[in-house]
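Below is one structure, written out as structure tokens; comments come after it.
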2 protein chains.
Amino acid sequence: MTTHEPLPPGSTIAILGGGQLGRMLAVAAARLGLRTRVLSDRPDDPAFTVAAETYHHAFDDDAAIARFATGADVVTYEFENVPLSAIDVALKHAPVHPGRRPLAITQDRLAERKFLHDCDIPVAPYVAVDSLQDLAQHASKVALPAILKTRRFGYDGKGQTSVNDAADLPAAWAAIAAQPAILERRINFERELSIIAVRGLDGATVFYDLTENHHADHVLRTSTVPARAPDSVERAARRIAERIVAELDYVGTIAIEFFLVNKWGENTLLVNEIAPRVHNSGHWTLDAAHVDQFENHVRAIAGWPLGDTARHSNAVMTNLIGEEVQTWQRLADKPATCLHIYGKRTARPGRKMAHVTTLSPMT
Amino acid sequence: MTTHEPLPPGSTIAILGGGQLGRMLAVAAARLGLRTRVLSDRPDDPAFTVAAETYHHAFDDDAAIARFATGADVVTYEFENVPLSAIDVALKHAPVHPGRRPLAITQDRLAERKFLHDCDIPVAPYVAVDSLQDLAQHASKVALPAILKTRRFGYDGKGQTSVNDAADLPAAWAAIAAQPAILERRINFERELSIIAVRGLDGATVFYDLTENHHADHVLRTSTVPARAPDSVERAARRIAERIVAELDYVGTIAIEFFLVNKWGENTLLVNEIAPRVHNSGHWTLDAAHVDQFENHVRAIAGWPLGDTARHSNAVMTNLIGEEVQTWQRLADKPATCLHIYGKRTARPGRKMAHVTTLSPMT
């Protein structure tokens, strides 16, 4: 617990990263009367058009990061592959939340797995592999089929490949460009779930309702609340999230993705991934919760009381990937539907371009 | 009816006026993937920090207005005292919605009363007065007590003064600086109500639920949905709104304020004011409707299908005026409460600084 005064309206929030998450953070900050500056290495990034100040620079341009952080009241980030060097530079000029350690841990799948192990939080069986020899030697510990995942710079299925039997190992190793990796058992899960938690500067922690997710080609397609899961599973997810944020002395919004496994009739939650930021599986909160994940992230890092995470509606969020955004006109005409288009110029395959959330009365 | 193609994401919406209404319009446009430029004569206006392009110029700077409108796909306005000359200049470069005529009519209380009369829509008894002599001569037609209102540049009670008996007339005339005015009978109303309607480029018209308003010192304090009014009154309000927008060939969001009068047991709606723009009494739509009044204004002027106006919650919206914004920290901590702070630097008395909306389940 820290005693602190909240940043008053008019204060400046500096956001590293200018994608749709940065854009929705900037809009949330504006709603609270806070100013934003956004830094991104891409000139056309979606957040630039809704920020008071824009910085178009590389994330490893230390001089630019220093200027960006100077005069900001707090610095945050919207993606987990921000170089730690940028955080180190920013920290000389302003507080950074959620801080350096959550990034350092989540940038490295092996460090993340070790962190979870230290917290006594179950994950899928895995081994660390640094060479094809490691891979051949340790594959049996994991039991195939498995997934080979690079330790660094993975998201939306990038840096991942399947290993169905031992004969696949050399090709898999080549597919991830022979980088340090983990080999992880492929889990037969009942459901993919996630929980979005927010921890304030004073340590108060709030949770959004457990969300059920569906992925295709490693990219999130839909998130649904309420999730089909018993209360005991929701309670377990909250306890796990609470342990993680307490352990990290976390400040801000965090997403924890789970596999729900049912073994011999008993439910177990395995943590699949931690995202130290606002998260796609929490986009439904924009339209179906009293205060959304973006605003609560801003409230947390600004030292404000956290907003009410309760839902007023049931919701199904669907991502529009690549050319799917071309259906916007039809979607704009659907009842009970909230449309969010990110303003990206080119609809590359696999790129998240927009999402829609359809609401229905609470059940 | 016009055949038209909707403006695609990436198009530019130009907004005349940079106050909180412009700010919320800009945010709504961003959510649809549209770019915004904002023009205002005040450098610190709230909308500037969320717009892609900002133009700090006087509204009567024709050259600036021309630059502002050039390259915009559509021009709109967020307040009704935009000079008509600005609209005329803008129209040479881009479509302007809701257009010139709604402004011309609503900028002049007398023209507005005459327009309503031509539409067979009841208003409070009034006379036009251009001199103290007129005032003395015609006061009896209205029956005192009455309100003397300047024809032009009135809002939030500015340019208004009470006339309780004939002896007050000279002082009242001096109080409004001897400007052309109307003298209007003070109505003993049951309720103040308003309806927000949105008409698309194709003529389709949608309505938000009837709203019950409370004013103090001529400034809106609270708006509540559902309003305490029978269904017949809500139907009448919709019919009146529909008549007005059809008559104006209106495109965009409009607000119509009513007095609900009960005379000999029968309800009558008198129109008190038309606002050819998004409106404070529709702020609850941000948090309690599927698609809010700001987004629906943007959809309308961009030629998009209109969004679902249905509510998912009951709502009470409360304005924070002047120094009341200092209570933000306490309000940020209230359950089921959505906070909107406009980012204005100085909390002058009577100035709208923020609002909060408290939600509850639908009844």
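Residues are referred to by chain and number: the chain letter is A, B, ... according to the order shown in the structure tokens, the number counts from 1 in that chain, and ligands are numbered separately from 1 in the order shown.
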Considering only C-alpha atoms, return as an MDAnalysis selection string whatever protein or nucleic-acid residues lie within 12 Å of region 129-143 of chain A, sequence-local ones (same chain, fewer than 4 positions apart) excluded.
-> chainID A and resid 109:110 124:125 147:151 163:187
Restrict the selected residues to N, CA and C atoms and save them as a tab-separated table (two decimals), in the first residue's frame.
```tsv
chain	number	residue	atom	x	y	z
A	109	ARG	N	8.61	-16.17	-22.33
A	109	ARG	CA	7.70	-17.23	-21.91
A	109	ARG	C	8.29	-18.09	-20.80
A	110	LEU	N	9.60	-18.28	-20.84
A	110	LEU	CA	10.21	-19.12	-19.82
A	110	LEU	C	10.17	-18.41	-18.45
A	124	ALA	N	0.61	-25.71	-18.24
A	124	ALA	CA	0.80	-26.94	-18.99
A	124	ALA	C	2.25	-27.41	-18.83
A	125	PRO	N	2.48	-28.73	-18.84
A	125	PRO	CA	3.85	-29.22	-18.75
A	125	PRO	C	4.70	-28.67	-19.89
A	147	ILE	N	3.49	-27.99	-28.46
A	147	ILE	CA	3.66	-26.75	-29.24
A	147	ILE	C	5.02	-26.18	-28.88
A	148	LEU	N	5.77	-25.83	-29.92
A	148	LEU	CA	7.06	-25.20	-29.71
A	148	LEU	C	6.85	-23.69	-29.85
A	149	LYS	N	7.21	-22.96	-28.79
A	149	LYS	CA	6.96	-21.50	-28.77
A	149	LYS	C	8.25	-20.78	-28.46
A	150	THR	N	8.56	-19.77	-29.27
A	150	THR	CA	9.74	-18.96	-28.96
A	150	THR	C	9.54	-18.29	-27.60
A	151	ARG	N	10.65	-18.09	-26.91
A	151	ARG	CA	10.54	-17.43	-25.60
A	151	ARG	C	10.12	-15.98	-25.74
A	163	VAL	N	4.09	-29.62	-32.85
A	163	VAL	CA	4.95	-30.80	-32.93
A	163	VAL	C	4.07	-32.01	-32.62
A	164	ASN	N	3.77	-32.78	-33.66
A	164	ASN	CA	2.86	-33.91	-33.43
A	164	ASN	C	3.59	-35.18	-33.05
A	165	ASP	N	4.75	-35.40	-33.68
A	165	ASP	CA	5.56	-36.54	-33.22
A	165	ASP	C	7.03	-36.22	-33.39
A	166	ALA	N	7.86	-37.09	-32.91
A	166	ALA	CA	9.29	-36.80	-32.82
A	166	ALA	C	9.90	-36.47	-34.18
A	167	ALA	N	9.33	-37.03	-35.24
A	167	ALA	CA	9.86	-36.76	-36.58
A	167	ALA	C	9.72	-35.29	-36.97
A	168	ASP	N	8.76	-34.57	-36.31
A	168	ASP	CA	8.53	-33.15	-36.63
A	168	ASP	C	9.58	-32.23	-36.03
A	169	LEU	N	10.38	-32.75	-35.11
A	169	LEU	CA	11.19	-31.84	-34.29
A	169	LEU	C	12.15	-30.97	-35.10
A	170	PRO	N	12.90	-31.52	-36.04
A	170	PRO	CA	13.83	-30.65	-36.79
A	170	PRO	C	13.10	-29.56	-37.57
A	171	ALA	N	11.98	-29.92	-38.20
A	171	ALA	CA	11.23	-28.92	-38.97
A	171	ALA	C	10.67	-27.84	-38.04
A	172	ALA	N	10.20	-28.24	-36.87
A	172	ALA	CA	9.66	-27.29	-35.91
A	172	ALA	C	10.75	-26.32	-35.45
A	173	TRP	N	11.91	-26.89	-35.18
A	173	TRP	CA	13.03	-26.05	-34.73
A	173	TRP	C	13.41	-25.03	-35.81
A	174	ALA	N	13.39	-25.48	-37.05
A	174	ALA	CA	13.67	-24.56	-38.15
A	174	ALA	C	12.56	-23.52	-38.28
A	175	ALA	N	11.30	-23.97	-38.06
A	175	ALA	CA	10.15	-23.06	-38.25
A	175	ALA	C	10.21	-21.87	-37.29
A	176	ILE	N	10.76	-22.08	-36.11
A	176	ILE	CA	10.87	-20.94	-35.18
A	176	ILE	C	12.27	-20.32	-35.26
A	177	ALA	N	12.98	-20.61	-36.33
A	177	ALA	CA	14.28	-19.98	-36.62
A	177	ALA	C	15.31	-20.25	-35.53
A	178	ALA	N	15.22	-21.46	-34.95
A	178	ALA	CA	16.24	-21.92	-34.00
A	178	ALA	C	16.47	-20.94	-32.85
A	179	GLN	N	15.34	-20.37	-32.37
A	179	GLN	CA	15.47	-19.43	-31.24
A	179	GLN	C	15.21	-20.13	-29.92
A	180	PRO	N	15.72	-19.57	-28.83
A	180	PRO	CA	15.39	-20.12	-27.51
A	180	PRO	C	13.88	-20.21	-27.37
A	181	ALA	N	13.42	-21.34	-26.83
A	181	ALA	CA	11.98	-21.63	-26.89
A	181	ALA	C	11.56	-22.45	-25.69
A	182	ILE	N	10.25	-22.68	-25.61
A	182	ILE	CA	9.76	-23.72	-24.72
A	182	ILE	C	8.93	-24.69	-25.55
A	183	LEU	N	9.00	-25.96	-25.15
A	183	LEU	CA	8.12	-26.96	-25.76
A	183	LEU	C	7.05	-27.27	-24.71
A	184	GLU	N	5.79	-27.11	-25.12
A	184	GLU	CA	4.70	-27.18	-24.15
A	184	GLU	C	3.69	-28.22	-24.61
A	185	ARG	N	3.22	-29.03	-23.70
A	185	ARG	CA	2.25	-30.05	-24.07
A	185	ARG	C	0.96	-29.41	-24.59
A	186	ARG	N	0.42	-29.97	-25.67
A	186	ARG	CA	-0.88	-29.49	-26.16
A	186	ARG	C	-1.97	-29.99	-25.22
A	187	ILE	N	-2.73	-29.07	-24.69
A	187	ILE	CA	-3.71	-29.40	-23.67
A	187	ILE	C	-5.08	-29.66	-24.30
```
Residue contacts of Tyr250 (chain B) (12 Å, only C-alpha atoms) excluding same-chain residues fewer than 2 positions away, as an MDAnalysis selection string | chainID B and resid 1 96:103 197:205 241:248 252:255 275:277 297 300:301
Once you have the residues from the selection above, write them out as a short mmCIF file (atom, residue, chain, number, x, y, z; two decimals), in the first residue's frame, restricted to N, CA and C atoms.
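Output saved as selection_33.cif:
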```
data_model
loop_
_atom_site.label_atom_id
_atom_site.label_comp_id
_atom_site.auth_asym_id
_atom_site.auth_seq_id
_atom_site.Cartn_x
_atom_site.Cartn_y
_atom_site.Cartn_z
N MET B 1 -35.79 11.71 -49.60
CA MET B 1 -34.90 10.55 -49.71
C MET B 1 -33.80 10.82 -50.75
N VAL B 96 -22.72 20.09 -45.64
CA VAL B 96 -22.86 20.47 -44.23
C VAL B 96 -24.16 19.87 -43.71
N HIS B 97 -24.06 19.08 -42.66
CA HIS B 97 -25.25 18.52 -42.00
C HIS B 97 -25.19 18.85 -40.53
N PRO B 98 -26.31 19.21 -39.89
CA PRO B 98 -27.69 19.25 -40.38
C PRO B 98 -27.99 20.37 -41.35
N GLY B 99 -27.10 21.20 -41.75
CA GLY B 99 -27.38 22.19 -42.78
C GLY B 99 -27.67 23.57 -42.25
N ARG B 100 -27.97 24.47 -43.18
CA ARG B 100 -28.09 25.89 -42.88
C ARG B 100 -29.43 26.23 -42.24
N ARG B 101 -30.50 25.66 -42.76
CA ARG B 101 -31.83 26.10 -42.32
C ARG B 101 -32.10 25.80 -40.84
N PRO B 102 -31.75 24.62 -40.33
CA PRO B 102 -31.98 24.39 -38.89
C PRO B 102 -31.26 25.43 -38.02
N LEU B 103 -30.08 25.85 -38.45
CA LEU B 103 -29.35 26.89 -37.71
C LEU B 103 -30.07 28.22 -37.79
N ALA B 197 -33.91 12.85 -31.16
CA ALA B 197 -34.20 12.09 -32.37
C ALA B 197 -32.99 12.17 -33.29
N VAL B 198 -32.87 11.20 -34.16
CA VAL B 198 -31.78 11.20 -35.14
C VAL B 198 -32.39 10.83 -36.48
N ARG B 199 -32.10 11.64 -37.50
CA ARG B 199 -32.61 11.35 -38.84
C ARG B 199 -31.42 11.11 -39.75
N GLY B 200 -31.48 10.01 -40.47
CA GLY B 200 -30.39 9.62 -41.37
C GLY B 200 -30.47 10.35 -42.70
N LEU B 201 -29.43 10.20 -43.48
CA LEU B 201 -29.38 10.83 -44.80
C LEU B 201 -30.48 10.26 -45.70
N ASP B 202 -30.94 9.06 -45.39
CA ASP B 202 -32.01 8.44 -46.18
C ASP B 202 -33.40 8.76 -45.63
N GLY B 203 -33.49 9.61 -44.61
CA GLY B 203 -34.78 9.98 -44.05
C GLY B 203 -35.25 9.10 -42.91
N ALA B 204 -34.58 7.97 -42.68
CA ALA B 204 -34.96 7.10 -41.55
C ALA B 204 -34.77 7.88 -40.25
N THR B 205 -35.75 7.78 -39.34
CA THR B 205 -35.69 8.55 -38.10
C THR B 205 -35.82 7.61 -36.91
N ALA B 241 -41.46 15.39 -32.91
CA ALA B 241 -40.06 15.35 -33.37
C ALA B 241 -40.00 14.93 -34.83
N GLU B 242 -40.80 13.95 -35.17
CA GLU B 242 -40.79 13.44 -36.55
C GLU B 242 -41.24 14.52 -37.53
N ARG B 243 -42.26 15.29 -37.11
CA ARG B 243 -42.74 16.37 -37.97
C ARG B 243 -41.63 17.40 -38.17
N ILE B 244 -40.95 17.76 -37.09
CA ILE B 244 -39.91 18.80 -37.16
C ILE B 244 -38.77 18.35 -38.07
N VAL B 245 -38.28 17.13 -37.89
CA VAL B 245 -37.10 16.72 -38.70
C VAL B 245 -37.49 16.52 -40.16
N ALA B 246 -38.73 16.07 -40.39
CA ALA B 246 -39.16 15.91 -41.79
C ALA B 246 -39.26 17.28 -42.45
N GLU B 247 -39.86 18.23 -41.73
CA GLU B 247 -40.05 19.58 -42.26
C GLU B 247 -38.71 20.24 -42.58
N LEU B 248 -37.70 19.96 -41.76
CA LEU B 248 -36.38 20.57 -41.95
C LEU B 248 -35.49 19.75 -42.89
N GLY B 252 -29.03 14.22 -38.87
CA GLY B 252 -28.23 14.27 -37.65
C GLY B 252 -29.10 14.14 -36.41
N THR B 253 -28.48 14.43 -35.26
CA THR B 253 -29.17 14.36 -33.97
C THR B 253 -29.80 15.71 -33.66
N ILE B 254 -31.00 15.68 -33.14
CA ILE B 254 -31.72 16.91 -32.75
C ILE B 254 -32.32 16.69 -31.37
N ALA B 255 -32.43 17.76 -30.60
CA ALA B 255 -33.09 17.67 -29.30
C ALA B 255 -34.27 18.61 -29.29
N ALA B 275 -32.91 22.22 -30.32
CA ALA B 275 -31.46 22.34 -30.45
C ALA B 275 -31.01 21.48 -31.63
N PRO B 276 -30.47 22.08 -32.68
CA PRO B 276 -30.15 21.33 -33.90
C PRO B 276 -28.78 20.66 -33.78
N ARG B 277 -28.66 19.83 -32.76
CA ARG B 277 -27.34 19.26 -32.42
C ARG B 277 -27.54 18.22 -31.33
N HIS B 297 -25.26 10.73 -34.39
CA HIS B 297 -25.11 11.95 -35.19
C HIS B 297 -24.05 11.72 -36.28
N ALA B 300 -25.38 9.45 -38.94
CA ALA B 300 -26.34 10.13 -39.81
C ALA B 300 -25.62 11.01 -40.84
N ILE B 301 -24.71 11.85 -40.39
CA ILE B 301 -24.09 12.79 -41.32
C ILE B 301 -23.13 12.08 -42.27
#
```
Go through chain B and flag each residue having an atom no more than 7 Å from chain A; for those, report the closest pair of atoms plus their distance in Å to one decimal, using only C-alpha atoms, ordered by chain and rising number, as CSV.
```
residue,atom,partner,partner_atom,distance
B:Pro9,CA,A:Gly343,CA,6.6
B:Gly10,CA,A:Gly343,CA,6.2
B:Val27,CA,A:Val27,CA,6.7
B:Arg31,CA,A:His340,CA,5.1
B:Leu32,CA,A:Ile341,CA,4.8
B:Gly33,CA,A:Gly343,CA,4.1
B:Leu34,CA,A:Gly343,CA,6.7
B:Thr49,CA,A:Ala52,CA,4.1
B:Val50,CA,A:Val50,CA,4.1
B:Ala51,CA,A:Val50,CA,5.5
B:Ala52,CA,A:Thr49,CA,4.1
B:His290,CA,A:Ala336,CA,5.8
B:Val291,CA,A:Cys338,CA,6.5
B:Pro305,CA,A:Asp333,CA,5.4
B:Leu306,CA,A:Asp333,CA,6.7
B:Gly307,CA,A:Asp333,CA,6.4
B:Asp308,CA,A:Pro335,CA,5.5
B:Ala332,CA,A:Pro305,CA,6.1
B:Asp333,CA,A:Pro305,CA,5.4
B:Pro335,CA,A:Asp308,CA,5.5
B:Ala336,CA,A:Asp308,CA,5.8
B:Thr337,CA,A:His290,CA,6.8
B:Cys338,CA,A:Val291,CA,6.5
B:Leu339,CA,A:Leu32,CA,6.9
B:His340,CA,A:Arg31,CA,5.1
B:Ile341,CA,A:Gly33,CA,4.7
B:Tyr342,CA,A:Gly33,CA,5.3
B:Gly343,CA,A:Gly33,CA,4.1
```
Using only C-alpha atoms, which residues sit within 10 Å of Glu324 (chain B) once same-chain residues fewer than 2 positions away are excluded, as a PyMOL selection string?
-> chain B and resi 319-322+326-328+347+349-355
Filtered DSSP result for region 66-276 of chain B, state strand (DSSP E), as an MDAnalysis selection string = chainID B and resid 74:77 126:129 146:150 160:163 181:185 191:199 205:207 211:216 219:225 252:263 266:275
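With distances restricted to only C-alpha atoms, A:Ile256 is the closest residue to Leu116 (chain A) from A:Ala86, A:Thr318, A:Ile256, A:Pro145.
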Could you name the residues that touch Thr222 (chain A) at 9 Å or less, counting only C-alpha atoms, but leaving out those on the same chain fewer than 5 positions away, as a list in words?
-> Glu212, Asn213, His214, His215, Ser281, Val316, Met317, Thr318 and Asn319 of chain A
Dump as a short mmCIF file (atom, residue, chain, number, x, y, z; two decimals), in the first residue's frame, selection limited to C-alpha atoms:
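Okay, this is what ended up in part.cif:
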```
data_model
loop_
_atom_site.label_atom_id
_atom_site.label_comp_id
_atom_site.auth_asym_id
_atom_site.auth_seq_id
_atom_site.Cartn_x
_atom_site.Cartn_y
_atom_site.Cartn_z
CA GLU A 212 -15.09 -17.41 -22.53
CA ASN A 213 -12.89 -17.11 -25.60
CA HIS A 214 -12.64 -18.80 -28.94
CA HIS A 215 -9.52 -18.62 -31.06
CA SER A 281 -10.78 -10.45 -24.41
CA VAL A 316 -20.61 -11.43 -27.30
CA MET A 317 -17.58 -9.66 -28.78
CA THR A 318 -16.44 -10.67 -32.26
CA ASN A 319 -13.16 -9.54 -33.83
#
```
Could you pull out the residues in region 83-155 of chain B that DSSP calls helix (DSSP H, G or I) from the backbone, as a PyMOL selection string?
-> chain B and resi 84-91+100-106+109-118+132-142
Keeping only N, CA and C atoms, write those residues as an mmCIF file, in the first residue's frame.
```cif
data_model
loop_
_atom_site.group_PDB
_atom_site.id
_atom_site.type_symbol
_atom_site.label_atom_id
_atom_site.label_comp_id
_atom_site.auth_asym_id
_atom_site.auth_seq_id
_atom_site.Cartn_x
_atom_site.Cartn_y
_atom_site.Cartn_z
ATOM 1 N N LEU B 84 -23.932 32.025 -39.678
ATOM 2 C CA LEU B 84 -24.388 31.434 -40.942
ATOM 3 C C LEU B 84 -23.364 31.646 -42.044
ATOM 4 N N SER B 85 -22.556 32.698 -41.914
ATOM 5 C CA SER B 85 -21.521 32.939 -42.934
ATOM 6 C C SER B 85 -20.537 31.765 -42.985
ATOM 7 N N ALA B 86 -20.246 31.170 -41.822
ATOM 8 C CA ALA B 86 -19.331 30.018 -41.792
ATOM 9 C C ALA B 86 -19.939 28.840 -42.552
ATOM 10 N N ILE B 87 -21.232 28.651 -42.372
ATOM 11 C CA ILE B 87 -21.916 27.564 -43.081
ATOM 12 C C ILE B 87 -21.868 27.826 -44.588
ATOM 13 N N ASP B 88 -22.113 29.073 -44.965
ATOM 14 C CA ASP B 88 -22.112 29.407 -46.397
ATOM 15 C C ASP B 88 -20.739 29.153 -47.021
ATOM 16 N N VAL B 89 -19.695 29.503 -46.295
ATOM 17 C CA VAL B 89 -18.342 29.252 -46.813
ATOM 18 C C VAL B 89 -18.080 27.746 -46.879
ATOM 19 N N ALA B 90 -18.412 27.048 -45.814
ATOM 20 C CA ALA B 90 -18.153 25.602 -45.766
ATOM 21 C C ALA B 90 -18.878 24.879 -46.904
ATOM 22 N N LEU B 91 -20.097 25.317 -47.172
ATOM 23 C CA LEU B 91 -20.917 24.644 -48.196
ATOM 24 C C LEU B 91 -20.284 24.697 -49.588
ATOM 25 N N ARG B 100 -27.968 24.469 -43.184
ATOM 26 C CA ARG B 100 -28.086 25.888 -42.882
ATOM 27 C C ARG B 100 -29.429 26.232 -42.241
ATOM 28 N N ARG B 101 -30.503 25.655 -42.756
ATOM 29 C CA ARG B 101 -31.830 26.098 -42.321
ATOM 30 C C ARG B 101 -32.104 25.805 -40.841
ATOM 31 N N PRO B 102 -31.752 24.624 -40.328
ATOM 32 C CA PRO B 102 -31.982 24.393 -38.890
ATOM 33 C C PRO B 102 -31.264 25.428 -38.024
ATOM 34 N N LEU B 103 -30.076 25.848 -38.453
ATOM 35 C CA LEU B 103 -29.349 26.885 -37.710
ATOM 36 C C LEU B 103 -30.072 28.218 -37.793
ATOM 37 N N ALA B 104 -30.438 28.596 -39.022
ATOM 38 C CA ALA B 104 -31.075 29.901 -39.222
ATOM 39 C C ALA B 104 -32.332 30.004 -38.362
ATOM 40 N N ILE B 105 -33.086 28.922 -38.302
ATOM 41 C CA ILE B 105 -34.336 28.947 -37.536
ATOM 42 C C ILE B 105 -34.070 28.975 -36.031
ATOM 43 N N THR B 106 -33.158 28.138 -35.566
ATOM 44 C CA THR B 106 -32.990 28.024 -34.112
ATOM 45 C C THR B 106 -32.108 29.133 -33.545
ATOM 46 N N ARG B 109 -35.224 33.056 -31.792
ATOM 47 C CA ARG B 109 -36.390 32.497 -31.095
ATOM 48 C C ARG B 109 -37.695 32.796 -31.829
ATOM 49 N N LEU B 110 -37.760 33.955 -32.454
ATOM 50 C CA LEU B 110 -39.006 34.301 -33.141
ATOM 51 C C LEU B 110 -39.190 33.412 -34.370
ATOM 52 N N ALA B 111 -38.115 33.226 -35.126
ATOM 53 C CA ALA B 111 -38.197 32.356 -36.309
ATOM 54 C C ALA B 111 -38.553 30.932 -35.879
ATOM 55 N N GLU B 112 -37.993 30.485 -34.755
ATOM 56 C CA GLU B 112 -38.280 29.138 -34.253
ATOM 57 C C GLU B 112 -39.764 29.016 -33.896
ATOM 58 N N ARG B 113 -40.309 30.030 -33.197
ATOM 59 C CA ARG B 113 -41.730 30.003 -32.832
ATOM 60 C C ARG B 113 -42.609 29.987 -34.089
ATOM 61 N N LYS B 114 -42.221 30.782 -35.079
ATOM 62 C CA LYS B 114 -43.014 30.821 -36.314
ATOM 63 C C LYS B 114 -42.951 29.484 -37.050
ATOM 64 N N PHE B 115 -41.751 28.891 -37.077
ATOM 65 C CA PHE B 115 -41.588 27.572 -37.708
ATOM 66 C C PHE B 115 -42.499 26.549 -37.019
ATOM 67 N N LEU B 116 -42.495 26.556 -35.693
ATOM 68 C CA LEU B 116 -43.324 25.599 -34.952
ATOM 69 C C LEU B 116 -44.804 25.857 -35.228
ATOM 70 N N HIS B 117 -45.158 27.118 -35.289
ATOM 71 C CA HIS B 117 -46.554 27.474 -35.596
ATOM 72 C C HIS B 117 -46.957 26.923 -36.959
ATOM 73 N N ASP B 118 -46.063 27.083 -37.937
ATOM 74 C CA ASP B 118 -46.350 26.575 -39.288
ATOM 75 C C ASP B 118 -46.464 25.051 -39.303
ATOM 76 N N LEU B 132 -39.568 49.049 -26.113
ATOM 77 C CA LEU B 132 -40.256 49.113 -24.821
ATOM 78 C C LEU B 132 -41.739 49.411 -25.050
ATOM 79 N N GLN B 133 -42.006 50.175 -26.090
ATOM 80 C CA GLN B 133 -43.393 50.504 -26.423
ATOM 81 C C GLN B 133 -44.179 49.232 -26.794
ATOM 82 N N ASP B 134 -43.581 48.397 -27.685
ATOM 83 C CA ASP B 134 -44.166 47.084 -28.012
ATOM 84 C C ASP B 134 -44.476 46.307 -26.748
ATOM 85 N N LEU B 135 -43.454 46.289 -25.884
ATOM 86 C CA LEU B 135 -43.539 45.467 -24.682
ATOM 87 C C LEU B 135 -44.734 45.912 -23.843
ATOM 88 N N ALA B 136 -44.837 47.227 -23.624
ATOM 89 C CA ALA B 136 -45.922 47.769 -22.807
ATOM 90 C C ALA B 136 -47.269 47.462 -23.464
ATOM 91 N N GLN B 137 -47.285 47.572 -24.783
ATOM 92 C CA GLN B 137 -48.531 47.432 -25.522
ATOM 93 C C GLN B 137 -49.035 45.986 -25.559
ATOM 94 N N HIS B 138 -48.073 45.024 -25.683
ATOM 95 C CA HIS B 138 -48.470 43.649 -25.951
ATOM 96 C C HIS B 138 -48.436 42.728 -24.736
ATOM 97 N N ALA B 139 -47.917 43.228 -23.627
ATOM 98 C CA ALA B 139 -47.764 42.357 -22.450
ATOM 99 C C ALA B 139 -49.086 41.688 -22.089
ATOM 100 N N SER B 140 -50.166 42.404 -22.249
ATOM 101 C CA SER B 140 -51.462 41.855 -21.837
ATOM 102 C C SER B 140 -51.883 40.679 -22.722
ATOM 103 N N LYS B 141 -51.416 40.629 -23.973
ATOM 104 C CA LYS B 141 -51.752 39.505 -24.865
ATOM 105 C C LYS B 141 -51.212 38.185 -24.331
ATOM 106 N N VAL B 142 -50.033 38.285 -23.674
ATOM 107 C CA VAL B 142 -49.357 37.085 -23.188
ATOM 108 C C VAL B 142 -49.921 36.677 -21.835
#
```
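Of note, CA of Lys92 (chain B) and CA of Asp73 (chain B) are spaced 12.3 Å apart.
Pairwise distance (CA of Glu80 (chain A), CA of Leu25 (chain A)) equals 15.0 Å.
As for CA of Glu257 (chain B) and CA of Gly282 (chain B), they are spaced 11.1 Å apart.
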